[in-house]
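Trainee: Dropping in run-v5.cif, which is mmCIF, C-alpha atoms, pLDDT in the B column; chains and numbers go by the auth columns:
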```cif
data_upload
loop_
_atom_site.group_PDB
_atom_site.id
_atom_site.type_symbol
_atom_site.label_atom_id
_atom_site.label_comp_id
_atom_site.label_asym_id
_atom_site.label_seq_id
_atom_site.Cartn_x
_atom_site.Cartn_y
_atom_site.Cartn_z
_atom_site.B_iso_or_equiv
_atom_site.auth_seq_id
_atom_site.auth_asym_id
ATOM 1 C CA MET A 1 -71.326 4.800 -64.885 86.00 209 D
ATOM 2 C CA THR A 2 -67.857 5.398 -63.540 97.00 210 D
ATOM 3 C CA PRO A 3 -67.223 5.311 -59.788 95.00 211 D
ATOM 4 C CA GLU A 4 -66.015 8.904 -59.960 97.00 212 D
ATOM 5 C CA ILE A 5 -69.287 10.100 -61.525 97.00 213 D
ATOM 6 C CA GLU A 6 -71.321 8.035 -59.065 97.00 214 D
ATOM 7 C CA ASN A 7 -69.405 9.543 -56.145 97.00 215 D
ATOM 8 C CA LEU A 8 -69.970 13.076 -57.427 98.00 216 D
ATOM 9 C CA ARG A 9 -73.670 12.374 -57.972 98.00 217 D
ATOM 10 C CA GLN A 10 -73.973 11.132 -54.405 98.00 218 D
ATOM 11 C CA LYS A 11 -72.477 14.416 -53.228 98.00 219 D
ATOM 12 C CA ILE A 12 -75.003 16.311 -55.367 98.00 220 D
ATOM 13 C CA ASP A 13 -77.836 14.207 -53.905 98.00 221 D
ATOM 14 C CA SER A 14 -76.659 15.077 -50.408 98.00 222 D
ATOM 15 C CA ILE A 15 -76.566 18.783 -51.233 98.00 223 D
ATOM 16 C CA GLU A 16 -80.073 18.561 -52.703 98.00 224 D
ATOM 17 C CA ASP A 17 -81.297 16.877 -49.517 98.00 225 D
ATOM 18 C CA SER A 18 -79.801 19.749 -47.525 98.00 226 D
ATOM 19 C CA LEU A 19 -81.444 22.328 -49.778 98.00 227 D
ATOM 20 C CA ILE A 20 -84.843 20.680 -49.307 98.00 228 D
ATOM 21 C CA SER A 21 -84.396 20.636 -45.557 98.00 229 D
ATOM 22 C CA LEU A 22 -83.208 24.247 -45.406 98.00 230 D
ATOM 23 C CA LEU A 23 -86.032 25.529 -47.606 98.00 231 D
ATOM 24 C CA ASN A 24 -88.590 23.809 -45.404 98.00 232 D
ATOM 25 C CA GLU A 25 -86.926 25.189 -42.287 98.00 233 D
ATOM 26 C CA ARG A 26 -87.121 28.654 -43.860 97.00 234 D
ATOM 27 C CA ALA A 27 -90.804 28.052 -44.628 97.00 235 D
ATOM 28 C CA LYS A 28 -91.513 27.364 -40.947 97.00 236 D
ATOM 29 C CA TYR A 29 -90.185 30.810 -40.068 96.00 237 D
ATOM 30 C CA VAL A 30 -92.202 32.309 -42.910 96.00 238 D
ATOM 31 C CA LEU A 31 -95.367 30.790 -41.439 95.00 239 D
ATOM 32 C CA GLU A 32 -94.546 32.271 -38.028 95.00 240 D
ATOM 33 C CA ILE A 33 -93.971 35.690 -39.588 95.00 241 D
ATOM 34 C CA GLY A 34 -97.274 35.382 -41.445 94.00 242 D
ATOM 35 C CA LYS A 35 -99.136 34.779 -38.184 94.00 243 D
ATOM 36 C CA ILE A 36 -97.490 37.806 -36.576 95.00 244 D
ATOM 37 C CA LYS A 37 -98.268 40.013 -39.585 95.00 245 D
ATOM 38 C CA LYS A 38 -101.918 38.947 -39.550 94.00 246 D
ATOM 39 C CA ALA A 39 -102.210 39.544 -35.803 95.00 247 D
ATOM 40 C CA GLN A 40 -100.731 43.029 -36.209 97.00 248 D
ATOM 41 C CA GLY A 41 -102.670 43.861 -39.370 96.00 249 D
ATOM 42 C CA LEU A 42 -99.513 44.162 -41.460 96.00 250 D
ATOM 43 C CA PRO A 43 -99.424 43.448 -45.200 96.00 251 D
ATOM 44 C CA ILE A 44 -98.064 40.066 -46.222 96.00 252 D
ATOM 45 C CA ALA A 45 -95.923 41.316 -49.117 95.00 253 D
ATOM 46 C CA ASP A 46 -93.046 43.662 -48.304 95.00 254 D
ATOM 47 C CA SER A 47 -91.399 44.902 -51.497 96.00 255 D
ATOM 48 C CA LYS A 48 -88.655 46.703 -49.559 97.00 256 D
ATOM 49 C CA ARG A 49 -87.663 43.464 -47.792 96.00 257 D
ATOM 50 C CA GLU A 50 -87.856 41.544 -51.075 97.00 258 D
ATOM 51 C CA GLY A 51 -85.479 44.038 -52.700 97.00 259 D
ATOM 52 C CA ILE A 52 -83.043 43.714 -49.803 98.00 260 D
ATOM 53 C CA ILE A 53 -83.087 39.917 -50.088 98.00 261 D
ATOM 54 C CA LEU A 54 -82.506 39.938 -53.850 98.00 262 D
ATOM 55 C CA LYS A 55 -79.702 42.485 -53.586 98.00 263 D
ATOM 56 C CA ARG A 56 -78.032 40.426 -50.841 98.00 264 D
ATOM 57 C CA VAL A 57 -78.331 37.252 -52.915 98.00 265 D
ATOM 58 C CA ALA A 58 -76.562 38.868 -55.868 97.00 266 D
ATOM 59 C CA GLU A 59 -73.860 40.359 -53.644 97.00 267 D
ATOM 60 C CA LYS A 60 -73.164 37.123 -51.750 98.00 268 D
ATOM 61 C CA ASN A 61 -73.167 34.849 -54.794 98.00 269 D
ATOM 62 C CA PRO A 62 -69.576 33.672 -55.341 97.00 270 D
ATOM 63 C CA GLY A 63 -70.421 31.740 -58.527 96.00 271 D
ATOM 64 C CA PRO A 64 -70.081 29.749 -60.654 98.00 272 D
ATOM 65 C CA MET A 65 -73.895 30.127 -60.846 97.00 273 D
ATOM 66 C CA GLY A 66 -74.773 33.522 -62.299 98.00 274 D
ATOM 67 C CA ASP A 67 -76.305 36.298 -60.222 97.00 275 D
ATOM 68 C CA GLU A 68 -79.364 36.492 -62.479 97.00 276 D
ATOM 69 C CA PHE A 69 -80.068 32.797 -61.994 98.00 277 D
ATOM 70 C CA MET A 70 -79.685 33.043 -58.223 98.00 278 D
ATOM 71 C CA VAL A 71 -81.970 36.073 -58.067 98.00 279 D
ATOM 72 C CA ASP A 72 -84.558 34.193 -60.154 98.00 280 D
ATOM 73 C CA VAL A 73 -84.403 31.253 -57.743 98.00 281 D
ATOM 74 C CA PHE A 74 -84.945 33.550 -54.780 98.00 282 D
ATOM 75 C CA LYS A 75 -87.816 35.303 -56.534 98.00 283 D
ATOM 76 C CA LYS A 76 -89.528 31.907 -56.690 98.00 284 D
ATOM 77 C CA ILE A 77 -88.751 31.295 -53.022 98.00 285 D
ATOM 78 C CA ILE A 78 -90.182 34.701 -52.122 98.00 286 D
ATOM 79 C CA ASP A 79 -93.320 34.084 -54.209 97.00 287 D
ATOM 80 C CA GLU A 80 -93.913 30.785 -52.441 97.00 288 D
ATOM 81 C CA SER A 81 -93.233 32.424 -49.081 97.00 289 D
ATOM 82 C CA ILE A 82 -95.907 35.036 -49.750 96.00 290 D
ATOM 83 C CA LYS A 83 -98.364 32.263 -50.579 95.00 291 D
ATOM 84 C CA LEU A 84 -97.494 30.469 -47.347 94.00 292 D
ATOM 85 C CA GLU A 85 -97.795 33.640 -45.277 93.00 293 D
ATOM 86 C CA SER A 86 -101.208 34.304 -46.808 90.00 294 D
ATOM 87 C CA LYS A 87 -102.409 30.881 -45.639 84.00 295 D
ATOM 88 C CA SER A 88 -101.070 31.167 -42.087 77.00 296 D
#
```
Can you turn what I pasted into structure tokens?

Mentor:
Amino acid sequence: MTPEIENLRQKIDSIEDSLISLLNERAKYVLEIGKIKKAQGLPIADSKREGIILKRVAEKNPGPMGDEFMVDVFKKIIDESIKLESKS
């Protein structure tokens, strides 16, 4: 492995560590929202909010990753968030 590739891979590893941390931080807020929704008798899933999130993701995506890919990633994040909220 060349030093240049190793250096770039270390940068990727660092970004992945940040993504893991940020997704778990997001999940903590999701759990709090789930508790509030349950206390207020609100439904867990909110299709209007989901649509807003997915639209924002596509609009804010500067690339080079495609919008469709980014939306798919966030659909998975939203699905997992709904599961978490249901358990809170």

Trainee: Quick one: pull the distance between atom CA of D:Ala235 and atom CA of D:Val265, Å, one decimal.

Mentor: 17.6 Å

Trainee: Do you know which residues are at most 8 Å from D:Val238 counting only C-alpha atoms, after dropping those on the same chain fewer than 6 positions away, and could you put them as a list in words?

Mentor: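 Non-adjacent residues within range: Ser289, Leu292 and Glu293 of chain D.
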
Trainee: With all atoms listed in the file as the basis for distance, which of D:Thr210, D:Ser296, D:Asn215, D:Arg264 is at the shortest distance from D:Lys243?

Mentor: D:Ser296

Trainee: If you count only C-alpha atoms, which residues fall within 10 Å of D:Phe277, apart from same-chain ones fewer than 5 positions away, as a list in words?

Mentor: Ala266, Phe282 and Lys283 of chain D

Trainee: So what do you get for atom CA of D:Glu224 versus atom CA of D:Glu288, distance-wise?

Mentor: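 So the two atoms, atom CA of D:Glu224 and atom CA of D:Glu288, lie 18.5 Å apart.
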
Trainee: If the PyMOL selection byres ((chain D and resi 258) around 12) is run on the structure shown, which residues does it catch, given as a VMD selection string?

Mentor: chain D and resid 252 to 257 259 to 265 279 282 to 287 289 to 290

Trainee: One decimal, Å: what's the distance from atom CA of D:Ile220 over to atom CA of D:Gly271, could you say?

Mentor: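 If I compute the distance from atom CA of D:Ile220 to atom CA of D:Gly271, I get 16.4 Å.
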
Trainee: Between D:Leu231, D:Lys236, D:Gln218, D:Pro211, which one has atoms that come closest to D:Val281, using all atoms listed in the file?

Mentor: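 Among the listed residues, the smallest separation from D:Val281 belongs to D:Leu231.
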
Trainee: Produce the centre coordinates and the three edge lengths, each in Å to one decimal, of the box along x, y and z that contains all listed atoms of stretch 233-242 of chain D with 3 Å added on each side, as lines of an AutoDock Vina configuration file.

Mentor:
```
center_x = -92.1
center_y = 30.4
center_z = -41.3
size_x = 16.3
size_y = 16.5
size_z = 12.6
```

Trainee: Using the incomplete input, complete stretch 258-278 of chain D to the level of N, CA and C atoms; output as a JSON list (two decimals), keeping the file's coordinate frame.

Mentor:
```json
[["chain", "number", "residue", "atom", "x", "y", "z"],
["D", 258, "GLU", "N", -88.16, 42.38, -49.91],
["D", 258, "GLU", "CA", -87.86, 41.54, -51.08],
["D", 258, "GLU", "C", -86.65, 42.09, -51.83],
["D", 259, "GLY", "N", -86.61, 43.41, -52.02],
["D", 259, "GLY", "CA", -85.48, 44.04, -52.70],
["D", 259, "GLY", "C", -84.17, 43.83, -51.96],
["D", 260, "ILE", "N", -84.24, 43.94, -50.62],
["D", 260, "ILE", "CA", -83.04, 43.71, -49.80],
["D", 260, "ILE", "C", -82.54, 42.28, -49.96],
["D", 261, "ILE", "N", -83.47, 41.33, -49.94],
["D", 261, "ILE", "CA", -83.09, 39.92, -50.09],
["D", 261, "ILE", "C", -82.42, 39.69, -51.44],
["D", 262, "LEU", "N", -83.04, 40.18, -52.50],
["D", 262, "LEU", "CA", -82.51, 39.94, -53.85],
["D", 262, "LEU", "C", -81.15, 40.61, -54.05],
["D", 263, "LYS", "N", -81.00, 41.80, -53.50],
["D", 263, "LYS", "CA", -79.70, 42.48, -53.59],
["D", 263, "LYS", "C", -78.64, 41.68, -52.84],
["D", 264, "ARG", "N", -78.99, 41.21, -51.64],
["D", 264, "ARG", "CA", -78.03, 40.43, -50.84],
["D", 264, "ARG", "C", -77.64, 39.14, -51.55],
["D", 265, "VAL", "N", -78.61, 38.48, -52.18],
["D", 265, "VAL", "CA", -78.33, 37.25, -52.92],
["D", 265, "VAL", "C", -77.29, 37.51, -54.01],
["D", 266, "ALA", "N", -77.50, 38.56, -54.78],
["D", 266, "ALA", "CA", -76.56, 38.87, -55.87],
["D", 266, "ALA", "C", -75.18, 39.22, -55.32],
["D", 267, "GLU", "N", -75.15, 39.95, -54.21],
["D", 267, "GLU", "CA", -73.86, 40.36, -53.64],
["D", 267, "GLU", "C", -73.11, 39.19, -53.03],
["D", 268, "LYS", "N", -73.83, 38.23, -52.44],
["D", 268, "LYS", "CA", -73.16, 37.12, -51.75],
["D", 268, "LYS", "C", -72.86, 35.94, -52.67],
["D", 269, "ASN", "N", -73.37, 35.97, -53.88],
["D", 269, "ASN", "CA", -73.17, 34.85, -54.79],
["D", 269, "ASN", "C", -71.73, 34.80, -55.30],
["D", 270, "PRO", "N", -70.97, 33.76, -54.90],
["D", 270, "PRO", "CA", -69.58, 33.67, -55.34],
["D", 270, "PRO", "C", -69.41, 33.00, -56.71],
["D", 271, "GLY", "N", -70.52, 32.47, -57.27],
["D", 271, "GLY", "CA", -70.42, 31.74, -58.53],
["D", 271, "GLY", "C", -70.02, 30.30, -58.28],
["D", 272, "PRO", "N", -70.01, 29.47, -59.23],
["D", 272, "PRO", "CA", -70.08, 29.75, -60.65],
["D", 272, "PRO", "C", -71.49, 30.01, -61.19],
["D", 273, "MET", "N", -72.54, 29.80, -60.39],
["D", 273, "MET", "CA", -73.90, 30.13, -60.85],
["D", 273, "MET", "C", -73.99, 31.64, -60.99],
["D", 274, "GLY", "N", -74.66, 32.09, -62.04],
["D", 274, "GLY", "CA", -74.77, 33.52, -62.30],
["D", 274, "GLY", "C", -75.71, 34.22, -61.32],
["D", 275, "ASP", "N", -75.47, 35.50, -61.12],
["D", 275, "ASP", "CA", -76.31, 36.30, -60.22],
["D", 275, "ASP", "C", -77.76, 36.30, -60.67],
["D", 276, "GLU", "N", -77.99, 36.44, -61.96],
["D", 276, "GLU", "CA", -79.36, 36.49, -62.48],
["D", 276, "GLU", "C", -80.11, 35.20, -62.15],
["D", 277, "PHE", "N", -79.45, 34.08, -62.33],
["D", 277, "PHE", "CA", -80.07, 32.80, -61.99],
["D", 277, "PHE", "C", -80.41, 32.73, -60.51],
["D", 278, "MET", "N", -79.46, 33.11, -59.67],
["D", 278, "MET", "CA", -79.68, 33.04, -58.22],
["D", 278, "MET", "C", -80.82, 33.97, -57.81]]
```
